[in-house]
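Q: My file is entry.tsv. It has TSV, C-alpha atoms (C1' of nucleotides):
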chain	number	residue	atom	x	y	z
S	1	MET	CA	0.00	0.00	0.00
S	2	MET	CA	2.37	2.63	1.28
S	3	LYS	CA	5.27	2.16	-1.07
S	4	LYS	CA	8.44	3.98	-0.22
S	5	ILE	CA	8.79	7.19	-2.12
S	6	ASN	CA	11.77	7.39	-4.34
S	7	GLU	CA	14.68	9.51	-3.22
S	8	ILE	CA	15.39	11.03	-6.59
S	9	LYS	CA	11.83	12.19	-6.75
S	10	ILE	CA	12.05	13.78	-3.36
S	11	LYS	CA	15.15	15.53	-4.42
S	12	SER	CA	13.43	16.87	-7.47
S	13	TRP	CA	10.55	18.07	-5.32
S	14	ILE	CA	12.88	19.92	-3.02
S	15	SER	CA	14.76	21.40	-5.93
S	16	LEU	CA	11.53	22.62	-7.41
S	17	ILE	CA	10.40	24.34	-4.24
S	18	ARG	CA	13.73	25.93	-3.70
S	19	THR	CA	14.31	27.10	-7.21
S	20	GLN	CA	10.92	28.60	-7.55
S	21	GLN	CA	11.15	30.46	-4.28
S	22	PHE	CA	14.54	31.74	-5.28
S	23	LEU	CA	13.41	32.88	-8.72
S	24	LEU	CA	10.35	34.62	-7.43
S	25	GLU	CA	12.41	36.58	-4.97
S	26	GLN	CA	14.76	37.71	-7.70
S	27	VAL	CA	12.01	38.81	-10.00
S	28	GLU	CA	9.96	40.57	-7.36
S	29	SER	CA	13.04	42.33	-6.24
S	30	ASP	CA	13.76	43.56	-9.77
S	31	LEU	CA	10.23	44.90	-10.06
S	32	LYS	CA	10.48	46.64	-6.76
S	33	ARG	CA	13.82	48.14	-7.63
S	34	ALA	CA	12.19	49.61	-10.73
S	35	GLY	CA	9.52	51.18	-8.55
S	36	LEU	CA	6.82	48.86	-9.86
S	37	PRO	CA	4.10	46.91	-8.05
S	38	THR	CA	4.25	43.19	-7.37
S	39	LEU	CA	3.59	40.29	-9.69
S	40	ALA	CA	0.14	39.82	-8.20
S	41	TRP	CA	-0.85	43.20	-9.57
S	42	TYR	CA	0.70	42.39	-12.89
S	43	ASP	CA	-1.17	39.11	-13.11
S	44	VAL	CA	-4.51	40.79	-12.67
S	45	LEU	CA	-3.72	43.49	-15.19
S	46	LEU	CA	-2.45	40.96	-17.70
S	47	GLU	CA	-5.54	38.81	-17.47
S	48	LEU	CA	-7.68	41.85	-18.04
S	49	THR	CA	-5.72	43.00	-21.07
S	50	ARG	CA	-5.93	39.53	-22.61
S	51	VAL	CA	-9.67	39.56	-22.80
S	52	PRO	CA	-11.89	41.42	-25.31
S	53	ASP	CA	-13.38	44.26	-23.26
S	54	GLY	CA	-10.77	44.31	-20.55
S	55	ARG	CA	-13.57	43.01	-18.36
S	56	LEU	CA	-13.68	39.88	-16.24
S	57	ARG	CA	-15.72	38.51	-13.39
S	58	LEU	CA	-13.76	38.55	-10.15
S	59	ASN	CA	-14.54	34.93	-10.03
S	60	GLU	CA	-12.83	34.31	-13.29
S	61	ILE	CA	-9.74	36.26	-12.36
S	62	GLY	CA	-9.51	34.24	-9.20
S	63	THR	CA	-9.36	30.92	-10.96
S	64	ARG	CA	-6.94	32.20	-13.58
S	65	ILE	CA	-4.38	33.48	-11.19
S	66	LEU	CA	-4.97	30.94	-8.46
S	67	LEU	CA	-6.01	33.25	-5.68
S	68	GLU	CA	-8.38	32.82	-2.78
S	69	LYS	CA	-11.55	34.77	-3.13
S	70	SER	CA	-11.09	36.86	-0.05
S	71	ASN	CA	-7.59	37.78	-1.10
S	72	LEU	CA	-8.80	38.54	-4.54
S	73	THR	CA	-11.47	40.89	-3.24
S	74	ARG	CA	-8.85	42.92	-1.51
S	75	LEU	CA	-6.32	42.77	-4.29
S	76	ILE	CA	-9.01	44.19	-6.57
S	77	ASP	CA	-9.76	46.79	-3.90
S	78	ARG	CA	-6.19	47.99	-4.04
S	79	LEU	CA	-6.01	48.11	-7.79
S	80	GLU	CA	-9.28	49.96	-7.86
S	81	LYS	CA	-8.12	52.46	-5.28
S	82	ASP	CA	-5.13	53.04	-7.51
S	83	GLY	CA	-7.35	53.71	-10.49
S	84	LEU	CA	-6.06	50.73	-12.46
S	85	LEU	CA	-9.46	49.15	-12.80
S	86	GLU	CA	-13.07	49.73	-11.89
S	87	ARG	CA	-15.70	47.48	-10.45
S	88	GLU	CA	-18.93	47.14	-12.37
S	89	VAL	CA	-22.08	45.36	-11.33
S	90	CYS	CA	-23.03	42.30	-13.28
S	91	ASP	CA	-26.56	42.29	-14.64
S	92	SER	CA	-26.79	38.68	-15.64
S	93	ASP	CA	-25.72	37.52	-12.20
S	94	ARG	CA	-26.50	40.06	-9.57
S	95	ARG	CA	-24.27	38.50	-6.98
S	96	GLY	CA	-21.29	39.09	-9.16
S	97	ALA	CA	-19.02	41.93	-10.09
S	98	TYR	CA	-16.82	42.72	-13.03
S	99	ALA	CA	-13.43	44.25	-12.94
S	100	VAL	CA	-12.80	46.50	-15.91
S	101	ILE	CA	-9.32	47.70	-16.65
S	102	THR	CA	-8.79	51.43	-17.12
S	103	THR	CA	-6.45	53.27	-19.43
S	104	LYS	CA	-4.15	53.79	-16.51
S	105	GLY	CA	-4.25	50.08	-15.84
S	106	ARG	CA	-3.36	49.22	-19.41
S	107	SER	CA	-0.53	51.64	-19.41
S	108	LEU	CA	0.89	50.24	-16.19
S	109	GLN	CA	0.74	46.75	-17.60
S	110	LYS	CA	2.65	47.92	-20.67
S	111	ARG	CA	5.17	49.65	-18.50
S	112	MET	CA	5.69	46.63	-16.31
S	113	TRP	CA	6.12	44.10	-19.02
S	114	PRO	CA	9.60	45.04	-20.24
S	115	ILE	CA	10.99	45.01	-16.73
S	116	TYR	CA	9.33	41.72	-16.01
S	117	ALA	CA	10.56	40.28	-19.29
S	118	ILE	CA	14.13	41.27	-18.58
S	119	ALA	CA	13.90	39.72	-15.15
S	120	ILE	CA	12.60	36.49	-16.60
S	121	GLU	CA	15.35	36.52	-19.17
S	122	ASN	CA	18.10	37.19	-16.65
S	123	HIS	CA	17.09	34.87	-13.90
S	124	PHE	CA	15.49	32.09	-15.85
S	125	ALA	CA	15.31	32.06	-19.61
S	126	SER	CA	18.98	32.72	-20.22
S	127	LYS	CA	19.87	29.58	-18.30
S	128	LEU	CA	17.99	27.30	-20.65
S	129	THR	CA	18.24	26.41	-24.29
S	130	LEU	CA	15.11	26.37	-26.31
S	131	GLU	CA	14.99	22.60	-26.23
S	132	GLU	CA	15.38	22.60	-22.50
S	133	ALA	CA	12.57	25.10	-22.11
S	134	GLU	CA	10.34	22.86	-24.15
S	135	MET	CA	11.30	19.86	-22.11
S	136	PHE	CA	10.56	21.85	-19.01
S	137	ILE	CA	7.08	22.73	-20.16
S	138	GLY	CA	6.46	19.12	-20.96
S	139	LEU	CA	7.39	18.03	-17.48
S	140	LEU	CA	5.33	20.73	-15.83
S	141	GLN	CA	2.31	19.74	-17.88
S	142	LYS	CA	2.61	16.21	-16.67
S	143	ILE	CA	2.66	17.42	-13.11
S	144	ASP	CA	-0.10	19.97	-13.39
S	145	LYS	CA	-2.76	19.29	-15.96
S	146	THR	CA	-4.05	22.85	-15.67
S	147	VAL	CA	-0.91	24.19	-17.30
S	148	PRO	CA	-2.17	25.51	-20.62
S	149	LYS	CA	-1.00	23.56	-23.63
S	150	GLU	CA	-1.70	26.18	-26.22
S	151	ARG	CA	-2.49	29.60	-24.84
S	152	LEU	CA	0.07	32.24	-25.71
S	153	MET	CA	1.16	35.50	-24.24
S	154	ASN	CA	0.00	38.73	-25.74
S	155	LEU	CA	3.06	40.87	-25.51
I	1	MET	CA	21.09	44.79	-26.71
I	2	MET	CA	17.53	44.09	-25.71
I	3	LYS	CA	16.87	40.96	-27.65
I	4	LYS	CA	13.32	39.77	-27.75
I	5	ILE	CA	12.66	37.08	-25.23
I	6	ASN	CA	11.55	33.81	-26.65
I	7	GLU	CA	7.94	32.91	-26.34
I	8	ILE	CA	8.51	29.28	-25.46
I	9	LYS	CA	10.67	30.37	-22.62
I	10	ILE	CA	8.05	32.73	-21.33
I	11	LYS	CA	5.57	29.95	-21.47
I	12	SER	CA	7.83	27.73	-19.49
I	13	TRP	CA	8.29	30.49	-16.92
I	14	ILE	CA	4.57	30.90	-16.52
I	15	SER	CA	4.06	27.16	-16.27
I	16	LEU	CA	6.65	26.97	-13.58
I	17	ILE	CA	5.08	29.69	-11.47
I	18	ARG	CA	1.67	28.25	-11.85
I	19	THR	CA	2.56	24.67	-11.20
I	20	GLN	CA	4.55	25.44	-8.16
I	21	GLN	CA	1.87	27.61	-6.64
I	22	PHE	CA	-0.65	24.90	-7.34
I	23	LEU	CA	1.47	22.13	-5.83
I	24	LEU	CA	2.28	24.06	-2.74
I	25	GLU	CA	-1.38	24.72	-2.10
I	26	GLN	CA	-2.16	21.04	-2.40
I	27	VAL	CA	0.57	19.97	-0.07
I	28	GLU	CA	-0.08	22.63	2.53
I	29	SER	CA	-3.70	21.72	2.45
I	30	ASP	CA	-2.92	18.06	3.06
I	31	LEU	CA	-0.78	18.96	6.04
I	32	LYS	CA	-3.45	21.18	7.46
I	33	ARG	CA	-6.09	18.56	6.97
I	34	ALA	CA	-3.94	16.20	9.01
I	35	GLY	CA	-3.81	18.78	11.78
I	36	LEU	CA	-0.13	19.51	11.20
I	37	PRO	CA	1.79	22.78	10.98
I	38	THR	CA	2.95	24.36	7.75
I	39	LEU	CA	5.92	23.48	5.59
I	40	ALA	CA	7.89	26.38	7.01
I	41	TRP	CA	7.83	24.69	10.39
I	42	TYR	CA	8.78	21.41	8.83
I	43	ASP	CA	11.70	22.96	7.01
I	44	VAL	CA	13.18	24.30	10.20
I	45	LEU	CA	12.71	21.04	12.03
I	46	LEU	CA	14.19	19.06	9.18
I	47	GLU	CA	17.29	21.21	8.96
I	48	LEU	CA	17.81	20.78	12.66
I	49	THR	CA	17.44	17.01	12.57
I	50	ARG	CA	19.92	16.77	9.71
I	51	VAL	CA	22.75	18.19	11.70
I	52	PRO	CA	24.86	16.50	14.40
I	53	ASP	CA	23.64	18.09	17.62
I	54	GLY	CA	20.30	19.26	16.35
I	55	ARG	CA	21.78	22.70	16.74
I	56	LEU	CA	22.13	25.45	14.16
I	57	ARG	CA	22.78	29.16	14.14
I	58	LEU	CA	19.64	31.06	13.17
I	59	ASN	CA	21.74	32.54	10.50
I	60	GLU	CA	22.46	29.18	9.00
I	61	ILE	CA	18.85	28.10	9.07
I	62	GLY	CA	17.93	31.28	7.29
I	63	THR	CA	20.19	30.65	4.34
I	64	ARG	CA	19.20	27.01	4.12
I	65	ILE	CA	15.53	27.60	3.92
I	66	LEU	CA	15.68	30.92	2.11
I	67	LEU	CA	13.98	33.08	4.69
I	68	GLU	CA	14.41	36.73	5.62
I	69	LYS	CA	16.08	37.23	8.91
I	70	SER	CA	13.20	39.06	10.52
I	71	ASN	CA	10.78	36.40	9.45
I	72	LEU	CA	13.13	33.76	10.66
I	73	THR	CA	13.35	35.36	14.07
I	74	ARG	CA	9.64	35.13	14.44
I	75	LEU	CA	9.30	31.70	12.97
I	76	ILE	CA	11.81	30.51	15.54
I	77	ASP	CA	9.84	32.38	18.19
I	78	ARG	CA	6.76	30.39	17.34
I	79	LEU	CA	8.52	27.05	17.28
I	80	GLU	CA	10.14	27.88	20.57
I	81	LYS	CA	6.86	28.89	22.13
I	82	ASP	CA	5.55	25.53	21.03
I	83	GLY	CA	8.42	23.73	22.72
I	84	LEU	CA	9.81	22.33	19.48
I	85	LEU	CA	13.18	23.95	19.90
I	86	GLU	CA	15.11	26.13	22.31
I	87	ARG	CA	17.27	29.11	21.79
I	88	GLU	CA	20.76	28.97	23.16
I	89	VAL	CA	23.32	31.74	23.33
I	90	CYS	CA	26.38	31.35	21.21
I	91	ASP	CA	29.65	31.71	23.06
I	92	SER	CA	31.95	32.01	20.09
I	93	ASP	CA	29.91	34.83	18.62
I	94	ARG	CA	27.95	36.67	21.22
I	95	ARG	CA	25.67	38.36	18.74
I	96	GLY	CA	24.40	35.04	17.63
I	97	ALA	CA	21.96	32.44	18.82
I	98	TYR	CA	21.52	28.76	18.28
I	99	ALA	CA	18.31	26.93	17.80
I	100	VAL	CA	18.39	23.49	19.35
I	101	ILE	CA	15.71	21.00	18.54
I	102	THR	CA	13.91	19.34	21.43
I	103	THR	CA	12.58	15.82	21.73
I	104	LYS	CA	9.17	17.18	21.02
I	105	GLY	CA	10.54	18.84	17.92
I	106	ARG	CA	12.11	15.65	16.66
I	107	SER	CA	8.96	13.74	17.24
I	108	LEU	CA	6.87	16.27	15.37
I	109	GLN	CA	9.26	16.13	12.44
I	110	LYS	CA	8.92	12.35	12.39
I	111	ARG	CA	5.20	12.63	12.59
I	112	MET	CA	4.99	15.12	9.77
I	113	TRP	CA	7.24	13.33	7.35
I	114	PRO	CA	4.90	10.51	6.33
I	115	ILE	CA	2.08	12.92	5.63
I	116	TYR	CA	4.36	15.19	3.70
I	117	ALA	CA	5.80	12.26	1.78
I	118	ILE	CA	2.39	11.03	0.78
I	119	ALA	CA	1.46	14.49	-0.37
I	120	ILE	CA	4.60	14.74	-2.47
I	121	GLU	CA	3.90	11.34	-3.92
I	122	ASN	CA	0.29	12.09	-4.75
I	123	HIS	CA	0.62	15.56	-6.15
I	124	PHE	CA	4.02	15.37	-7.71
I	125	ALA	CA	6.13	12.24	-7.71
I	126	SER	CA	3.46	9.93	-9.06
I	127	LYS	CA	3.21	12.06	-12.17
I	128	LEU	CA	6.81	11.53	-13.17
I	129	THR	CA	8.91	8.55	-14.12
I	130	LEU	CA	12.29	8.23	-12.54
I	131	GLU	CA	13.99	9.43	-15.70
I	132	GLU	CA	11.75	12.45	-15.83
I	133	ALA	CA	12.49	13.29	-12.24
I	134	GLU	CA	16.18	13.17	-13.01
I	135	MET	CA	15.73	15.35	-16.04
I	136	PHE	CA	13.75	17.75	-13.91
I	137	ILE	CA	16.51	18.04	-11.36
I	138	GLY	CA	18.98	18.66	-14.11
I	139	LEU	CA	16.97	21.53	-15.49
I	140	LEU	CA	16.42	23.07	-12.09
I	141	GLN	CA	20.12	22.92	-11.38
I	142	LYS	CA	20.83	24.84	-14.53
I	143	ILE	CA	18.41	27.51	-13.46
I	144	ASP	CA	19.46	27.74	-9.85
I	145	LYS	CA	23.05	26.88	-9.07
I	146	THR	CA	22.28	26.69	-5.37
I	147	VAL	CA	20.23	23.57	-5.88
I	148	PRO	CA	22.30	20.90	-4.16
I	149	LYS	CA	23.87	18.36	-6.47
I	150	GLU	CA	24.57	15.73	-3.90
I	151	ARG	CA	22.89	16.26	-0.58
I	152	LEU	CA	20.37	13.62	0.33
I	153	MET	CA	17.36	13.41	2.57
I	154	ASN	CA	17.59	11.68	5.89
I	155	LEU	CA	14.41	9.72	6.18
J	1	DA	C1'	44.25	50.82	20.27
J	2	DT	C1'	40.53	53.52	17.73
J	3	DT	C1'	37.52	54.19	14.47
J	4	DA	C1'	34.78	52.60	10.76
J	5	DA	C1'	32.29	49.02	8.51
J	6	DA	C1'	29.98	44.60	8.43
J	7	DT	C1'	27.10	40.95	10.59
J	8	DA	C1'	23.53	38.62	13.82
J	9	DG	C1'	19.48	39.03	15.54
J	10	DT	C1'	15.36	41.69	17.26
J	11	DT	C1'	11.52	44.98	17.05
J	12	DG	C1'	7.73	48.11	15.21
J	13	DC	C1'	4.80	48.87	11.74
J	14	DA	C1'	2.30	48.48	7.50
J	15	DA	C1'	0.83	45.31	3.98
J	16	DT	C1'	-0.71	40.78	2.78
J	17	DT	C1'	-2.57	36.26	3.59
J	18	DG	C1'	-5.79	32.55	5.31
J	19	DC	C1'	-9.95	31.33	7.50
J	20	DA	C1'	-14.49	31.38	9.00
J	21	DA	C1'	-18.77	33.74	9.04
J	22	DC	C1'	-22.00	36.42	6.47
J	23	DA	C1'	-25.37	38.64	2.88
J	24	DA	C1'	-27.27	38.35	-1.49
J	25	DT	C1'	-28.57	35.88	-5.27
J	26	DA	C1'	-28.93	31.79	-8.18
J	27	DA	C1'	-29.77	26.88	-9.11
J	28	DC	C1'	-31.96	22.75	-7.92
J	29	DA	C1'	-35.43	19.31	-6.05
J	30	DC	C1'	-40.09	18.32	-5.42
E	1	DG	C1'	-43.99	27.91	-6.22
E	2	DT	C1'	-41.30	26.59	-1.81
E	3	DG	C1'	-37.61	25.16	0.60
E	4	DT	C1'	-32.88	23.58	0.36
E	5	DT	C1'	-28.36	24.01	-1.27
E	6	DA	C1'	-24.53	26.25	-3.91
E	7	DT	C1'	-22.14	30.20	-5.52
E	8	DT	C1'	-20.36	35.09	-5.54
E	9	DG	C1'	-18.28	38.35	-3.25
E	10	DT	C1'	-17.35	40.91	1.17
E	11	DT	C1'	-15.87	41.49	5.98
E	12	DG	C1'	-13.52	40.70	10.62
E	13	DC	C1'	-9.87	38.82	12.70
E	14	DA	C1'	-5.63	36.44	13.57
E	15	DA	C1'	-1.32	35.00	11.57
E	16	DT	C1'	2.41	35.89	8.45
E	17	DT	C1'	5.36	38.67	5.57
E	18	DG	C1'	8.45	42.59	4.12
E	19	DC	C1'	10.92	46.60	5.27
E	20	DA	C1'	13.51	49.79	7.81
E	21	DA	C1'	15.43	51.07	12.09
E	22	DC	C1'	17.98	49.60	16.01
E	23	DT	C1'	21.30	47.04	19.48
E	24	DA	C1'	25.13	44.40	20.23
E	25	DT	C1'	29.06	42.44	18.71
E	26	DT	C1'	32.66	41.24	15.47
E	27	DT	C1'	35.92	42.30	11.68
E	28	DA	C1'	38.88	45.29	9.14
E	29	DA	C1'	41.65	49.44	8.46
E	30	DT	C1'	44.98	52.53	9.91
Write the structure described by the file as structure tokens, please.

A:
Amino acid sequence: MMKKINEIKIKSWISLIRTQQFLLEQVESDLKRAGLPTLAWYDVLLELTRVPDGRLRLNEIGTRILLEKSNLTRLIDRLEKDGLLEREVCDSDRRGAYAVITTKGRSLQKRMWPIYAIAIENHFASKLTLEEAEMFIGLLQKIDKTVPKERLMNL
Amino acid sequence: MMKKINEIKIKSWISLIRTQQFLLEQVESDLKRAGLPTLAWYDVLLELTRVPDGRLRLNEIGTRILLEKSNLTRLIDRLEKDGLLEREVCDSDRRGAYAVITTKGRSLQKRMWPIYAIAIENHFASKLTLEEAEMFIGLLQKIDKTVPKERLMNL
DNA sequence: ATTAAATAGTTGCAATTGCAACAATAACAC
DNA sequence: GTGTTATTGTTGCAATTGCAACTATTTAAT
């Protein structure tokens, strides 16, 4: 029943945790150094720019960026207070709310991207060949089926 | 100068972030469901059990588990309050402090491991073959040079 | 030795997270 | 329809994090 877990696999688990933590620190730190908000903000803005009207149900944002609903509520609060998006009531489902990105929000997203991209390049992408990156995606997809197989970045 | 970052690589970055966040949630949730403390606690306990006297400088713990010093201070506070370890003054460097694991601490670590191991197996290890796990480690090492090449788990 | 810099750890405070409870609305069972 | 259950989003509260300032001690420089 309880078969002994393989040591190599444990090592790969630990490496994963560690590496990811390490990378995230680097990247967040680069953003901060550039006077920009955190990745969480970027994630919300990006999801909104990806979608036709720049409008998404909070709900939907939550599942896309893997965030608890209560945390999402308050993340959206902060972005709204900063004028990066606006809440809008949802007519089809009156419990719900939309977040709609503003011009200011779009412009921040555009401003953040190059910094973010450079950080990804420096701390991550430059360490891998193209083939390795593809291999990496393949492995991650096996581990987490929710990793998108096709969807691409815009910008 | 600013060469365009490759799209595949970006995709692999995003997959990494997402997968890791997802996995960590699963595992933390399993621990919680079993009435056990978080991974952060486990990490400290594990580092302490790995080492001869069950004694480490806070300092040292901090670099091993990638934690800010102020957060470490308070994490150690909590473990100490729970009787899992004790602080001890350091004679050779009087600024410093040791954390020394207690019997209770060791026993908690032993109690947590099986649950943690099962979680790793279910959410991660079972999705990879041995060869894939090895490939995975290889890639992670390229990305983060601080990933240990040799060190093994005890237990 | 004396001063200047670096390091170890702690503390205060503001920001963020996680959890449980809650209100409003929607979906379902009969 | 009516009552039950599920879902959406918000709120209060406690726990955790990140940051900057601070103390004490060590290291290095002259």

Q: Within 10 Å of chain E, which residues of chain S show up when using all atoms listed in the file, listed as an MDAnalysis selection string?

A: chainID S and resid 57:59 69:70 72:74 93:97

Q: Fewer than 3 positions away in the same chain doesn't count, so skip those; otherwise give me all residues within 7 Å of region 140-142 of chain S, counting all atoms listed in the file, as a ChimeraX atom specification.

A: /S:136-137,145,147 /I:15-16,19,127

Q: As a VMD selection string, could you give me every residue of chain I near chain S (at most 9 Å apart, counting all atoms listed in the file)?

A: chain I and resid 2 4 to 24 65 to 66 117 to 118 120 to 121 123 to 130 132 to 148 151 to 153

Q: Please, what is the axis-aligned box for every listed atom of region 17-20 of chain J with 8 Å on each side, as centre and edge lengths in Å to one decimal, as lines of an AutoDock Vina configuration file?

A:
center_x = -8.5
center_y = 33.8
center_z = 6.3
size_x = 27.9
size_y = 20.9
size_z = 21.4

Q: Determine which residues of chain J sit within 9 Å of chain I, taking into account all atoms listed in the file, and present them as a PyMOL selection string.

A: chain J and resi 7-11

Q: The coordinates of chain S, once least-squares superposed on chain I over all sequentially paired C-alpha atoms, should be supplied as a short mmCIF file (atom, residue, chain, number, x, y, z; two decimals) with C-alpha atoms, in the frame of the given file.

A:
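This went into superposed.cif:
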data_model
loop_
_atom_site.label_atom_id
_atom_site.label_comp_id
_atom_site.auth_asym_id
_atom_site.auth_seq_id
_atom_site.Cartn_x
_atom_site.Cartn_y
_atom_site.Cartn_z
CA MET S 1 21.21 44.78 -26.68
CA MET S 2 17.66 44.09 -25.66
CA LYS S 3 16.96 40.96 -27.62
CA LYS S 4 13.39 39.78 -27.71
CA ILE S 5 12.71 37.10 -25.19
CA ASN S 6 11.60 33.85 -26.62
CA GLU S 7 7.95 32.93 -26.32
CA ILE S 8 8.51 29.31 -25.45
CA LYS S 9 10.70 30.39 -22.60
CA ILE S 10 8.07 32.74 -21.31
CA LYS S 11 5.58 29.99 -21.46
CA SER S 12 7.84 27.75 -19.47
CA TRP S 13 8.31 30.50 -16.90
CA ILE S 14 4.59 30.92 -16.50
CA SER S 15 4.08 27.20 -16.28
CA LEU S 16 6.67 26.99 -13.57
CA ILE S 17 5.10 29.70 -11.46
CA ARG S 18 1.68 28.26 -11.84
CA THR S 19 2.56 24.67 -11.21
CA GLN S 20 4.57 25.43 -8.16
CA GLN S 21 1.88 27.60 -6.64
CA PHE S 22 -0.65 24.90 -7.34
CA LEU S 23 1.47 22.13 -5.84
CA LEU S 24 2.27 24.07 -2.73
CA GLU S 25 -1.37 24.71 -2.10
CA GLN S 26 -2.17 21.04 -2.42
CA VAL S 27 0.55 19.96 -0.08
CA GLU S 28 -0.09 22.60 2.54
CA SER S 29 -3.70 21.72 2.45
CA ASP S 30 -2.94 18.04 3.06
CA LEU S 31 -0.79 18.95 6.04
CA LYS S 32 -3.45 21.16 7.45
CA ARG S 33 -6.11 18.54 6.96
CA ALA S 34 -3.95 16.18 9.01
CA GLY S 35 -3.81 18.76 11.79
CA LEU S 36 -0.14 19.47 11.20
CA PRO S 37 1.77 22.76 11.00
CA THR S 38 2.95 24.33 7.76
CA LEU S 39 5.91 23.46 5.59
CA ALA S 40 7.87 26.37 7.03
CA TRP S 41 7.82 24.67 10.40
CA TYR S 42 8.77 21.39 8.84
CA ASP S 43 11.69 22.95 7.02
CA VAL S 44 13.17 24.30 10.21
CA LEU S 45 12.72 21.03 12.05
CA LEU S 46 14.20 19.06 9.19
CA GLU S 47 17.29 21.21 8.98
CA LEU S 48 17.82 20.79 12.68
CA THR S 49 17.45 17.02 12.58
CA ARG S 50 19.93 16.79 9.71
CA VAL S 51 22.76 18.24 11.69
CA PRO S 52 24.87 16.53 14.39
CA ASP S 53 23.65 18.12 17.62
CA GLY S 54 20.31 19.29 16.35
CA ARG S 55 21.79 22.75 16.74
CA LEU S 56 22.15 25.50 14.17
CA ARG S 57 22.76 29.21 14.12
CA LEU S 58 19.62 31.11 13.19
CA ASN S 59 21.72 32.59 10.51
CA GLU S 60 22.44 29.23 9.03
CA ILE S 61 18.83 28.13 9.09
CA GLY S 62 17.91 31.30 7.31
CA THR S 63 20.18 30.68 4.37
CA ARG S 64 19.20 27.03 4.15
CA ILE S 65 15.52 27.59 3.94
CA LEU S 66 15.65 30.90 2.13
CA LEU S 67 13.95 33.07 4.69
CA GLU S 68 14.37 36.70 5.62
CA LYS S 69 16.02 37.23 8.93
CA SER S 70 13.16 39.06 10.53
CA ASN S 71 10.74 36.38 9.46
CA LEU S 72 13.08 33.75 10.68
CA THR S 73 13.33 35.35 14.10
CA ARG S 74 9.62 35.11 14.49
CA LEU S 75 9.27 31.68 12.99
CA ILE S 76 11.80 30.50 15.57
CA ASP S 77 9.82 32.37 18.22
CA ARG S 78 6.75 30.35 17.37
CA LEU S 79 8.52 27.03 17.31
CA GLU S 80 10.14 27.87 20.60
CA LYS S 81 6.85 28.86 22.17
CA ASP S 82 5.56 25.49 21.06
CA GLY S 83 8.44 23.72 22.74
CA LEU S 84 9.83 22.32 19.49
CA LEU S 85 13.19 23.96 19.92
CA GLU S 86 15.11 26.14 22.32
CA ARG S 87 17.28 29.16 21.80
CA GLU S 88 20.79 29.02 23.17
CA VAL S 89 23.34 31.79 23.32
CA CYS S 90 26.39 31.40 21.18
CA ASP S 91 29.69 31.78 22.99
CA SER S 92 31.97 32.06 20.02
CA ASP S 93 29.90 34.86 18.53
CA ARG S 94 27.99 36.72 21.15
CA ARG S 95 25.70 38.41 18.70
CA GLY S 96 24.39 35.08 17.61
CA ALA S 97 21.96 32.49 18.82
CA TYR S 98 21.53 28.80 18.29
CA ALA S 99 18.33 26.96 17.82
CA VAL S 100 18.42 23.51 19.36
CA ILE S 101 15.73 21.02 18.54
CA THR S 102 13.94 19.33 21.44
CA THR S 103 12.62 15.81 21.74
CA LYS S 104 9.19 17.16 21.03
CA GLY S 105 10.55 18.83 17.93
CA ARG S 106 12.13 15.64 16.67
CA SER S 107 8.99 13.72 17.25
CA LEU S 108 6.89 16.25 15.37
CA GLN S 109 9.27 16.11 12.45
CA LYS S 110 8.95 12.32 12.39
CA ARG S 111 5.22 12.58 12.59
CA MET S 112 5.03 15.09 9.78
CA TRP S 113 7.23 13.31 7.35
CA PRO S 114 4.90 10.48 6.31
CA ILE S 115 2.07 12.89 5.62
CA TYR S 116 4.36 15.16 3.70
CA ALA S 117 5.80 12.23 1.77
CA ILE S 118 2.38 11.00 0.76
CA ALA S 119 1.44 14.48 -0.38
CA ILE S 120 4.57 14.72 -2.48
CA GLU S 121 3.88 11.32 -3.94
CA ASN S 122 0.26 12.09 -4.76
CA HIS S 123 0.59 15.54 -6.16
CA PHE S 124 4.00 15.36 -7.73
CA ALA S 125 6.10 12.24 -7.72
CA SER S 126 3.43 9.93 -9.09
CA LYS S 127 3.16 12.08 -12.20
CA LEU S 128 6.77 11.54 -13.20
CA THR S 129 8.87 8.57 -14.15
CA LEU S 130 12.23 8.22 -12.58
CA GLU S 131 13.93 9.41 -15.73
CA GLU S 132 11.71 12.43 -15.87
CA ALA S 133 12.46 13.27 -12.26
CA GLU S 134 16.14 13.14 -13.04
CA MET S 135 15.70 15.32 -16.06
CA PHE S 136 13.75 17.72 -13.93
CA ILE S 137 16.51 18.00 -11.37
CA GLY S 138 18.97 18.62 -14.14
CA LEU S 139 16.96 21.50 -15.49
CA LEU S 140 16.42 23.03 -12.09
CA GLN S 141 20.14 22.88 -11.38
CA LYS S 142 20.84 24.79 -14.53
CA ILE S 143 18.42 27.46 -13.46
CA ASP S 144 19.47 27.70 -9.85
CA LYS S 145 23.05 26.85 -9.08
CA THR S 146 22.28 26.65 -5.37
CA VAL S 147 20.24 23.51 -5.90
CA PRO S 148 22.31 20.84 -4.17
CA LYS S 149 23.87 18.32 -6.50
CA GLU S 150 24.58 15.66 -3.94
CA ARG S 151 22.94 16.21 -0.59
CA LEU S 152 20.35 13.60 0.30
CA MET S 153 17.36 13.46 2.53
CA ASN S 154 17.57 11.76 5.86
CA LEU S 155 14.26 10.02 6.09
#

Q: Tell me, in Å to one decimal, how far CA of Ala99 (chain I) is from CA of Pro52 (chain I).

A: 12.8 Å

Q: CA of Gly54 (chain S) and C1' of DT17 (chain J), how far apart in Å?

A: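 We find that C1' of DT17 (chain J) and CA of Gly54 (chain S) lie 26.7 Å from each other.
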
Q: What does the distance from CA of Thr103 (chain I) to CA of Leu39 (chain I) come to in Å, to one decimal?

A: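 A separation of 19.1 Å between them.
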